[in-house]
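Chemist: protein-v6.pdb is reproduced in full below (PDB, C-alpha atoms).
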```pdb
MODEL        1
ATOM      1  CA  MET A   1     -15.506 -10.398 -27.345
ATOM      2  CA  GLN A   2     -13.770 -13.313 -29.036
ATOM      3  CA  TYR A   3     -10.543 -12.721 -30.943
ATOM      4  CA  SER A   4      -9.043 -14.749 -33.749
ATOM      5  CA  SER A   5      -6.239 -15.957 -31.500
ATOM      6  CA  ASP A   6      -6.604 -17.873 -28.251
ATOM      7  CA  SER A   7      -3.085 -16.702 -27.278
ATOM      8  CA  ILE A   8      -4.073 -13.044 -27.677
ATOM      9  CA  ASN A   9      -7.270 -13.678 -25.724
ATOM     10  CA  LYS A  10      -5.339 -15.303 -22.878
ATOM     11  CA  VAL A  11      -2.906 -12.364 -22.558
ATOM     12  CA  ILE A  12      -5.778  -9.854 -22.661
ATOM     13  CA  ASP A  13      -7.510 -11.835 -19.892
ATOM     14  CA  TYR A  14      -4.368 -11.757 -17.747
ATOM     15  CA  PHE A  15      -3.831  -8.017 -18.235
ATOM     16  CA  SER A  16      -7.481  -7.218 -17.543
ATOM     17  CA  SER A  17      -7.274  -9.163 -14.266
ATOM     18  CA  LEU A  18      -4.791  -6.565 -12.951
ATOM     19  CA  PRO A  19      -6.103  -3.720 -10.757
ATOM     20  CA  SER A  20      -7.213  -0.613 -12.693
ATOM     21  CA  ILE A  21      -6.761  -2.321 -16.079
ATOM     22  CA  GLY A  22      -9.941  -2.514 -18.103
ATOM     23  CA  ARG A  23     -10.500  -4.632 -21.177
ATOM     24  CA  LYS A  24      -9.549  -1.877 -23.656
ATOM     25  CA  THR A  25      -6.289  -1.074 -21.844
ATOM     26  CA  ALA A  26      -5.539  -4.807 -21.693
ATOM     27  CA  GLN A  27      -6.016  -4.996 -25.476
ATOM     28  CA  ARG A  28      -3.675  -2.026 -26.029
ATOM     29  CA  LEU A  29      -1.004  -3.561 -23.796
ATOM     30  CA  THR A  30      -1.315  -6.913 -25.544
ATOM     31  CA  TYR A  31      -0.966  -5.409 -29.011
ATOM     32  CA  HIS A  32       1.952  -3.271 -27.819
ATOM     33  CA  ILE A  33       3.763  -6.419 -26.670
ATOM     34  CA  LEU A  34       3.005  -8.138 -29.995
ATOM     35  CA  ARG A  35       4.811  -5.301 -31.809
ATOM     36  CA  GLN A  36       7.973  -5.712 -29.695
ATOM     37  CA  PRO A  37      11.012  -7.806 -30.647
ATOM     38  CA  THR A  38      11.106 -11.320 -29.169
ATOM     39  CA  GLU A  39      14.140 -10.372 -27.021
ATOM     40  CA  TYR A  40      12.099  -7.603 -25.326
ATOM     41  CA  VAL A  41       9.239  -9.988 -24.546
ATOM     42  CA  ASP A  42      11.681 -12.609 -23.218
ATOM     43  CA  LYS A  43      13.342 -10.043 -20.922
ATOM     44  CA  PHE A  44       9.934  -8.770 -19.789
ATOM     45  CA  ALA A  45       8.797 -12.298 -18.865
ATOM     46  CA  GLN A  46      12.149 -13.088 -17.249
ATOM     47  CA  SER A  47      12.024  -9.926 -15.099
ATOM     48  CA  MET A  48       8.621 -10.981 -13.717
ATOM     49  CA  THR A  49       9.884 -14.488 -12.968
ATOM     50  CA  GLU A  50      12.968 -13.056 -11.209
ATOM     51  CA  MET A  51      10.784 -10.678  -9.202
ATOM     52  CA  MET A  52       8.635 -13.577  -7.987
ATOM     53  CA  GLN A  53      11.752 -15.587  -7.074
ATOM     54  CA  HIS A  54      13.635 -12.820  -5.236
ATOM     55  CA  VAL A  55      11.056 -10.520  -3.630
ATOM     56  CA  LYS A  56       9.762 -11.514  -0.200
ATOM     57  CA  PHE A  57       8.294  -9.918   2.920
ATOM     58  CA  CYS A  58      10.651  -8.071   5.244
ATOM     59  CA  SER A  59      10.611 -10.063   8.494
ATOM     60  CA  VAL A  60      10.303  -6.802  10.454
ATOM     61  CA  CYS A  61       7.917  -4.427   8.642
ATOM     62  CA  LEU A  62       6.375  -6.861   6.100
ATOM     63  CA  ASN A  63       7.122  -4.570   3.156
ATOM     64  CA  TYR A  64       8.320  -6.160  -0.081
ATOM     65  CA  THR A  65      12.092  -6.522  -0.258
ATOM     66  CA  GLU A  66      14.927  -8.538  -1.751
ATOM     67  CA  SER A  67      17.061  -8.241   1.406
ATOM     68  CA  ASP A  68      15.882  -9.173   4.880
ATOM     69  CA  PRO A  69      15.459  -6.993   6.807
ATOM     70  CA  CYS A  70      14.627  -4.366   4.185
ATOM     71  CA  PRO A  71      16.856  -1.292   3.673
ATOM     72  CA  ILE A  72      14.513   0.938   5.733
ATOM     73  CA  CYS A  73      14.507  -1.419   8.726
ATOM     74  CA  GLN A  74      18.309  -1.836   8.442
ATOM     75  CA  SER A  75      19.033   1.899   8.264
ATOM     76  CA  HIS A  76      20.772   3.482  11.264
ATOM     77  CA  LYS A  77      19.375   6.876  10.182
ATOM     78  CA  ARG A  78      15.756   5.901  10.864
ATOM     79  CA  ASN A  79      14.017   6.686  14.166
ATOM     80  CA  LYS A  80      13.252   3.221  15.555
ATOM     81  CA  ASN A  81      10.852   4.632  18.179
ATOM     82  CA  ILE A  82       8.174   5.594  15.640
ATOM     83  CA  ILE A  83       6.219   3.176  13.452
ATOM     84  CA  CYS A  84       3.972   4.344  10.633
ATOM     85  CA  VAL A  85       1.253   1.764   9.918
ATOM     86  CA  VAL A  86       0.070   1.559   6.302
ATOM     87  CA  GLU A  87      -2.375  -0.601   4.384
ATOM     88  CA  ASP A  88      -0.074  -1.805   1.595
ATOM     89  CA  PRO A  89       3.457  -1.404   0.174
ATOM     90  CA  ASN A  90       2.351   1.340  -2.275
ATOM     91  CA  ASP A  91       1.682   3.558   0.741
ATOM     92  CA  VAL A  92       5.311   3.188   1.901
ATOM     93  CA  LEU A  93       6.482   4.439  -1.503
ATOM     94  CA  ALA A  94       4.108   7.411  -1.365
ATOM     95  CA  LEU A  95       5.227   8.423   2.139
ATOM     96  CA  GLU A  96       8.911   7.985   1.287
ATOM     97  CA  ARG A  97       8.497  10.345  -1.697
ATOM     98  CA  THR A  98       7.599  13.157   0.724
ATOM     99  CA  ASN A  99      11.049  13.040   2.382
ATOM    100  CA  GLU A 100       9.255  14.063   5.592
ATOM    101  CA  TYR A 101       9.125  10.797   7.534
ATOM    102  CA  PHE A 102      12.195   9.150   9.045
ATOM    103  CA  GLY A 103      10.775   6.414  11.264
ATOM    104  CA  LEU A 104       9.965   2.784  10.516
ATOM    105  CA  TYR A 105       6.915   1.254   8.821
ATOM    106  CA  HIS A 106       4.535  -1.617   9.313
ATOM    107  CA  VAL A 107       2.508  -2.916   6.348
ATOM    108  CA  LEU A 108      -0.850  -4.478   7.275
ATOM    109  CA  HIS A 109      -1.526  -5.950   3.805
ATOM    110  CA  GLY A 110      -5.179  -5.020   4.037
ATOM    111  CA  ILE A 111      -7.735  -3.393   6.309
ATOM    112  CA  LEU A 112     -10.585  -4.689   8.415
ATOM    113  CA  ASN A 113     -13.757  -5.275   6.460
ATOM    114  CA  PRO A 114     -16.328  -7.330   8.377
ATOM    115  CA  LEU A 115     -18.745  -7.330   5.416
ATOM    116  CA  ASP A 116     -16.136  -9.151   3.312
ATOM    117  CA  GLY A 117     -15.124 -11.390   6.215
ATOM    118  CA  ILE A 118     -11.735  -9.709   6.779
ATOM    119  CA  GLY A 119     -11.027  -9.687  10.495
ATOM    120  CA  PRO A 120      -7.972  -8.901  12.659
ATOM    121  CA  GLU A 121      -6.479 -12.359  12.064
ATOM    122  CA  ASP A 122      -6.516 -11.780   8.265
ATOM    123  CA  ILE A 123      -4.144  -8.812   8.259
ATOM    124  CA  LYS A 124      -0.775  -8.226   9.959
ATOM    125  CA  ILE A 125      -2.019  -6.826  13.305
ATOM    126  CA  ARG A 126      -0.480  -9.531  15.508
ATOM    127  CA  GLU A 127       2.937  -8.807  13.930
ATOM    128  CA  LEU A 128       2.511  -5.079  14.641
ATOM    129  CA  LEU A 129       1.664  -5.623  18.306
ATOM    130  CA  ALA A 130       4.763  -7.821  18.678
ATOM    131  CA  ARG A 131       6.966  -4.885  17.587
ATOM    132  CA  LEU A 132       5.777  -2.282  20.076
ATOM    133  CA  SER A 133       8.038  -2.897  23.097
ATOM    134  CA  ASP A 134      10.412   0.065  22.482
ATOM    135  CA  VAL A 135       8.071   2.296  20.473
ATOM    136  CA  ASP A 136       7.013   5.803  21.566
ATOM    137  CA  GLU A 137       4.509   6.565  18.788
ATOM    138  CA  VAL A 138       2.429   4.709  16.218
ATOM    139  CA  ILE A 139       1.183   6.780  13.262
ATOM    140  CA  LEU A 140      -1.880   5.350  11.547
ATOM    141  CA  ALA A 141      -1.524   6.270   7.863
ATOM    142  CA  ILE A 142      -4.535   4.385   6.540
ATOM    143  CA  ASN A 143      -6.864   5.642   3.819
ATOM    144  CA  PRO A 144      -9.880   7.455   5.329
ATOM    145  CA  SER A 145     -12.587   5.085   4.084
ATOM    146  CA  VAL A 146     -15.235   3.485   6.299
ATOM    147  CA  GLU A 147     -13.100   0.326   6.497
ATOM    148  CA  GLY A 148      -9.974   2.428   7.114
ATOM    149  CA  GLU A 149     -11.693   4.218  10.006
ATOM    150  CA  VAL A 150     -12.773   0.880  11.513
ATOM    151  CA  THR A 151      -9.180  -0.376  11.230
ATOM    152  CA  MET A 152      -7.740   2.756  12.852
ATOM    153  CA  GLN A 153     -10.234   2.600  15.727
ATOM    154  CA  TYR A 154      -9.447  -1.077  16.306
ATOM    155  CA  LEU A 155      -5.679  -0.485  16.266
ATOM    156  CA  SER A 156      -6.021   2.522  18.566
ATOM    157  CA  LYS A 157      -7.951   0.429  21.106
ATOM    158  CA  MET A 158      -5.271  -2.272  20.974
ATOM    159  CA  ILE A 159      -2.291   0.116  21.287
ATOM    160  CA  LYS A 160      -3.435   2.785  23.766
ATOM    161  CA  PRO A 161      -3.370   0.467  26.835
ATOM    162  CA  LEU A 162       0.370  -0.001  26.121
ATOM    163  CA  GLU A 163       0.819   3.737  26.888
ATOM    164  CA  ILE A 164       2.088   4.455  23.391
ATOM    165  CA  LYS A 165       1.080   7.646  21.599
ATOM    166  CA  VAL A 166      -1.271   6.889  18.699
ATOM    167  CA  SER A 167      -1.702   9.511  15.985
ATOM    168  CA  ARG A 168      -3.220   9.597  12.534
ATOM    169  CA  LEU A 169      -2.637  11.640   9.418
ATOM    170  CA  ALA A 170      -4.626  14.854   9.280
ATOM    171  CA  SER A 171      -7.332  14.808   6.650
ATOM    172  CA  GLY A 172      -9.288  17.472   4.886
ATOM    173  CA  LEU A 173      -8.863  19.741   1.882
ATOM    174  CA  PRO A 174      -5.987  18.974  -0.471
ATOM    175  CA  MET A 175      -3.536  21.722  -1.440
ATOM    176  CA  GLY A 176      -5.084  23.717  -4.271
ATOM    177  CA  GLY A 177      -8.537  22.253  -3.595
ATOM    178  CA  ALA A 178     -11.586  24.507  -3.775
ATOM    179  CA  ILE A 179     -14.069  24.517  -0.896
ATOM    180  CA  GLU A 180     -17.071  24.808  -3.219
ATOM    181  CA  TYR A 181     -16.156  21.543  -4.984
ATOM    182  CA  SER A 182     -15.419  19.553  -1.823
ATOM    183  CA  ASP A 183     -17.862  17.010  -0.474
ATOM    184  CA  GLU A 184     -19.389  17.285   3.002
ATOM    185  CA  ALA A 185     -17.248  14.508   4.522
ATOM    186  CA  THR A 186     -14.024  16.180   3.352
ATOM    187  CA  LEU A 187     -15.130  19.581   4.654
ATOM    188  CA  SER A 188     -16.196  18.035   7.949
ATOM    189  CA  LYS A 189     -12.771  16.399   8.363
ATOM    190  CA  ALA A 190     -11.048  19.646   7.386
ATOM    191  CA  LEU A 191     -12.919  21.514  10.123
ATOM    192  CA  GLU A 192     -12.275  18.750  12.661
ATOM    193  CA  SER A 193      -8.532  18.616  11.821
ATOM    194  CA  ARG A 194      -8.028  22.402  11.832
ATOM    195  CA  ILE A 195      -4.822  23.728  13.379
ATOM    196  CA  THR A 196      -3.983  26.969  15.134
ATOM    197  CA  ILE A 197      -1.927  29.467  13.117
TER     198      ILE A 197
ENDMDL
END
```
Translate this structure into C-alpha coordinates?
Modeler:
Amino acid sequence: MQYSSDSINKVIDYFSSLPSIGRKTAQRLTYHILRQPTEYVDKFAQSMTEMMQHVKFCSVCLNYTESDPCPICQSHKRNKNIICVVEDPNDVLALERTNEYFGLYHVLHGILNPLDGIGPEDIKIRELLARLSDVDEVILAINPSVEGEVTMQYLSKMIKPLEIKVSRLASGLPMGGAIEYSDEATLSKALESRITI
(Lines of atoms letter the chains of each structure in order from A and count residues from 1; the text may use other names and numbers.)
(Lines give C-alpha, C1' and ligand atoms only; values in the text may rest on other atoms or scores of the structure.)
Protein backbone atom coordinates (compact mmCIF):
# COMPACT_ATOMS: atom_id res chain seq x y z
CA MET A 1 0.00 0.00 0.00
CA GLN A 2 1.38 3.40 -0.96
CA TYR A 3 1.34 6.22 1.57
CA SER A 4 1.36 9.95 0.96
CA SER A 5 4.90 10.24 2.29
CA ASP A 6 7.97 8.45 0.97
CA SER A 7 9.66 9.04 4.37
CA ILE A 8 6.83 7.27 6.20
CA ASN A 9 6.94 4.44 3.66
CA LYS A 10 10.69 4.01 4.13
CA VAL A 11 10.40 3.77 7.94
CA ILE A 12 7.51 1.30 7.67
CA ASP A 13 9.64 -0.81 5.29
CA TYR A 14 12.54 -0.82 7.75
CA PHE A 15 10.34 -1.77 10.72
CA SER A 16 8.58 -4.51 8.75
CA SER A 17 11.96 -6.01 7.82
CA LEU A 18 12.56 -6.82 11.51
CA PRO A 19 11.76 -10.34 12.77
CA SER A 20 8.16 -10.80 14.00
CA ILE A 21 7.11 -7.32 12.83
CA GLY A 22 4.33 -7.37 10.27
CA ARG A 23 3.23 -4.47 8.12
CA LYS A 24 0.48 -3.31 10.51
CA THR A 25 2.80 -3.32 13.54
CA ALA A 26 5.39 -1.46 11.46
CA GLN A 27 2.76 1.19 10.66
CA ARG A 28 1.83 1.54 14.36
CA LEU A 29 5.48 1.91 15.36
CA THR A 30 6.08 4.48 12.64
CA TYR A 31 3.09 6.59 13.64
CA HIS A 32 4.08 6.30 17.31
CA ILE A 33 7.51 7.72 16.48
CA LEU A 34 5.92 10.54 14.45
CA ARG A 35 3.97 11.60 17.56
CA GLN A 36 7.14 11.84 19.69
CA PRO A 37 9.18 15.00 20.28
CA THR A 38 12.21 15.46 18.01
CA GLU A 39 14.56 15.02 21.01
CA TYR A 40 13.12 11.52 21.66
CA VAL A 41 13.61 10.49 18.03
CA ASP A 42 17.17 11.88 18.03
CA LYS A 43 18.04 9.93 21.21
CA PHE A 44 16.41 6.79 19.79
CA ALA A 45 18.48 7.03 16.59
CA GLN A 46 21.63 7.89 18.54
CA SER A 47 21.19 4.88 20.86
CA MET A 48 21.06 2.55 17.83
CA THR A 49 24.17 4.14 16.33
CA GLU A 50 26.02 3.81 19.67
CA MET A 51 24.93 0.18 19.97
CA MET A 52 26.35 -0.59 16.52
CA GLN A 53 29.61 1.19 17.39
CA HIS A 54 30.17 -0.39 20.82
CA VAL A 55 28.67 -3.89 20.75
CA LYS A 56 30.89 -6.68 19.44
CA PHE A 57 31.34 -10.44 19.79
CA CYS A 58 32.97 -11.74 22.95
CA SER A 59 36.24 -13.32 21.81
CA VAL A 60 35.54 -16.33 24.05
CA CYS A 61 31.82 -17.23 23.87
CA LEU A 62 30.78 -15.09 20.85
CA ASN A 63 27.88 -13.50 22.73
CA TYR A 64 27.22 -9.80 22.18
CA THR A 65 29.13 -7.57 24.58
CA GLU A 66 30.67 -4.14 25.04
CA SER A 67 33.63 -5.51 27.03
CA ASP A 68 35.89 -8.30 25.85
CA PRO A 69 35.72 -10.88 27.24
CA CYS A 70 32.08 -10.49 28.27
CA PRO A 71 31.07 -10.27 31.96
CA ILE A 72 30.03 -13.96 32.05
CA CYS A 73 33.36 -15.18 30.65
CA GLN A 74 35.25 -12.84 33.02
CA SER A 75 33.35 -13.93 36.14
CA HIS A 76 35.28 -15.94 38.74
CA LYS A 77 31.95 -17.30 40.04
CA ARG A 78 31.21 -19.26 36.85
CA ASN A 79 32.11 -22.94 36.46
CA LYS A 80 34.64 -22.89 33.61
CA ASN A 81 34.41 -26.68 33.13
CA ILE A 82 30.88 -26.58 31.69
CA ILE A 83 29.86 -24.93 28.42
CA CYS A 84 26.23 -24.49 27.41
CA VAL A 85 25.91 -24.25 23.61
CA VAL A 86 23.06 -22.09 22.32
CA GLU A 87 21.83 -21.00 18.91
CA ASP A 88 21.78 -17.23 19.45
CA PRO A 89 22.32 -14.53 22.10
CA ASN A 90 18.60 -14.45 23.04
CA ASP A 91 19.01 -17.98 24.38
CA VAL A 92 21.75 -16.82 26.79
CA LEU A 93 19.34 -14.22 28.20
CA ALA A 94 16.59 -16.81 28.62
CA LEU A 95 18.88 -19.27 30.42
CA GLU A 96 20.35 -16.56 32.65
CA ARG A 97 16.82 -15.56 33.75
CA THR A 98 16.39 -19.02 35.30
CA ASN A 99 19.23 -18.43 37.80
CA GLU A 100 19.91 -22.18 37.53
CA TYR A 101 22.99 -22.29 35.31
CA PHE A 102 26.42 -21.13 36.46
CA GLY A 103 28.77 -22.34 33.73
CA LEU A 104 29.95 -20.65 30.54
CA TYR A 105 28.22 -20.31 27.16
CA HIS A 106 29.03 -20.67 23.51
CA VAL A 107 26.82 -18.96 20.91
CA LEU A 108 26.70 -20.71 17.52
CA HIS A 109 24.91 -17.85 15.70
CA GLY A 110 22.76 -20.30 13.79
CA ILE A 111 22.10 -24.00 13.33
CA LEU A 112 22.86 -26.48 10.58
CA ASN A 113 20.36 -26.41 7.76
CA PRO A 114 21.56 -28.28 4.66
CA LEU A 115 18.42 -27.32 2.70
CA ASP A 116 19.33 -23.64 3.08
CA GLY A 117 23.02 -24.32 2.48
CA ILE A 118 24.08 -23.71 6.10
CA GLY A 119 26.87 -26.11 6.94
CA PRO A 120 29.34 -26.48 9.84
CA GLU A 121 31.64 -23.80 8.42
CA ASP A 122 28.77 -21.24 8.47
CA ILE A 123 28.23 -21.28 12.23
CA LYS A 124 30.65 -21.06 15.17
CA ILE A 125 31.47 -24.79 15.56
CA ARG A 126 35.22 -24.47 14.94
CA GLU A 127 35.42 -21.85 17.73
CA LEU A 128 33.56 -24.19 20.11
CA LEU A 129 35.89 -27.12 19.45
CA ALA A 130 38.89 -24.86 20.13
CA ARG A 131 37.56 -24.17 23.65
CA LEU A 132 37.15 -27.74 24.85
CA SER A 133 40.60 -28.56 26.28
CA ASP A 134 39.66 -28.15 29.98
CA VAL A 135 35.92 -28.81 29.72
CA ASP A 136 34.13 -31.67 31.53
CA GLU A 137 30.64 -31.22 30.05
CA VAL A 138 28.98 -29.59 27.06
CA ILE A 139 25.24 -28.92 27.37
CA LEU A 140 23.43 -28.61 24.05
CA ALA A 141 20.63 -26.08 24.63
CA ILE A 142 19.37 -25.85 21.07
CA ASN A 143 15.72 -25.56 20.07
CA PRO A 144 14.23 -29.01 19.34
CA SER A 145 13.44 -28.47 15.65
CA VAL A 146 14.54 -30.79 12.85
CA GLU A 147 17.51 -28.49 12.16
CA GLY A 148 18.23 -28.24 15.90
CA GLU A 149 18.30 -32.04 16.19
CA VAL A 150 20.68 -32.29 13.21
CA THR A 151 22.95 -29.69 14.85
CA MET A 152 22.94 -31.49 18.20
CA GLN A 153 23.73 -34.84 16.58
CA TYR A 154 26.59 -33.30 14.60
CA LEU A 155 28.05 -31.58 17.68
CA SER A 156 27.70 -34.75 19.75
CA LYS A 157 29.64 -36.74 17.13
CA MET A 158 32.39 -34.11 17.12
CA ILE A 159 32.68 -33.82 20.93
CA LYS A 160 32.25 -37.40 22.21
CA PRO A 161 35.64 -38.65 20.90
CA LEU A 162 37.24 -36.00 23.15
CA GLU A 163 35.84 -37.93 26.16
CA ILE A 164 33.72 -34.99 27.26
CA LYS A 165 30.23 -35.54 28.63
CA VAL A 166 27.60 -34.27 26.18
CA SER A 167 24.09 -33.60 27.48
CA ARG A 168 21.02 -31.85 26.17
CA LEU A 169 18.07 -30.11 27.75
CA ALA A 170 15.18 -32.40 28.59
CA SER A 171 12.15 -31.82 26.41
CA GLY A 172 8.51 -32.66 26.75
CA LEU A 173 5.43 -31.18 28.38
CA PRO A 174 5.70 -27.62 29.67
CA MET A 175 4.68 -26.81 33.25
CA GLY A 176 0.91 -26.36 33.31
CA GLY A 177 0.52 -28.01 29.90
CA ALA A 178 -2.36 -30.41 29.31
CA ILE A 179 -1.66 -33.83 27.81
CA GLU A 180 -4.82 -33.78 25.69
CA TYR A 181 -3.68 -30.60 23.89
CA SER A 182 -0.10 -31.72 23.29
CA ASP A 183 1.06 -32.89 19.89
CA GLU A 184 2.48 -36.38 19.31
CA ALA A 185 6.10 -35.22 19.00
CA THR A 186 5.94 -33.40 22.36
CA LEU A 187 4.33 -36.39 24.07
CA SER A 188 6.88 -38.73 22.52
CA LYS A 189 9.74 -36.58 23.83
CA ALA A 190 8.08 -36.35 27.24
CA LEU A 191 7.92 -40.15 27.47
CA GLU A 192 11.50 -40.52 26.20
CA SER A 193 12.83 -37.91 28.68
CA ARG A 194 10.92 -39.28 31.70
CA ILE A 195 12.75 -39.34 35.03
CA THR A 196 12.47 -41.60 38.05
CA ILE A 197 10.70 -40.11 41.08
Chemist: Using the file's own x, y and z axes, what box holds all listed atoms of range 119-129 of chain A with 6 Å on each side, keeping edges along x, y and z, and what are its centre and edge lengths in Å to one decimal, as JSON?
Modeler:
```
{"center_x": -4.0, "center_y": -8.7, "center_z": 13.3, "size_x": 26.0, "size_y": 19.3, "size_z": 22.0}
```
Chemist: Nearest to Leu95 in chain A: which of A:Ile142, A:Lys165, A:Arg28, A:Leu128 is it, counting all atoms listed in the file?
Modeler: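 For Leu95 in chain A, the nearest of the candidates is A:Ile142.
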Chemist: Can you tell me how far CA of Ile111 in chain A sits from CA of Ser17 in chain A, in Å to one decimal?
Modeler: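 Going from CA of Ile111 in chain A over to CA of Ser17 in chain A, I get 21.4 Å.
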Chemist: Expanded to explicit residues, what is the PyMOL selection byres ((chain A and resi 124) around 9) for this file, as number ranges by chain?
Modeler: A: 62, 106-110, 120-123, 125-128
Chemist: Once the PyMOL selection byres ((chain A and resi 86) around 8) is applied to the coordinates I shared, what remains selected? I want it as a ChimeraX atom specification.
Modeler: /A:84-85,87-89,91-92,105-108,140-142
Chemist: Measure the distance from CA of Val138 in chain A to CA of Tyr64 in chain A in Å and round it to one decimal.
Modeler: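 Atom-to-atom, CA of Val138 in chain A and CA of Tyr64 in chain A are spaced 20.5 Å apart.
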Chemist: Work out how far CA of Val55 in chain A is from CA of Asp68 in chain A, in Å to one decimal.
Modeler: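 It comes out at 9.9 Å.
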Chemist: From the set A:Ile118, A:Ala178, A:Thr49, A:Ser171, which residue has the shortest atom-to-atom contact distance to Glu192 in chain A, counting only C-alpha atoms?
Modeler: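 Checking each candidate against Glu192 in chain A, we get A:Ser171 as the closest.
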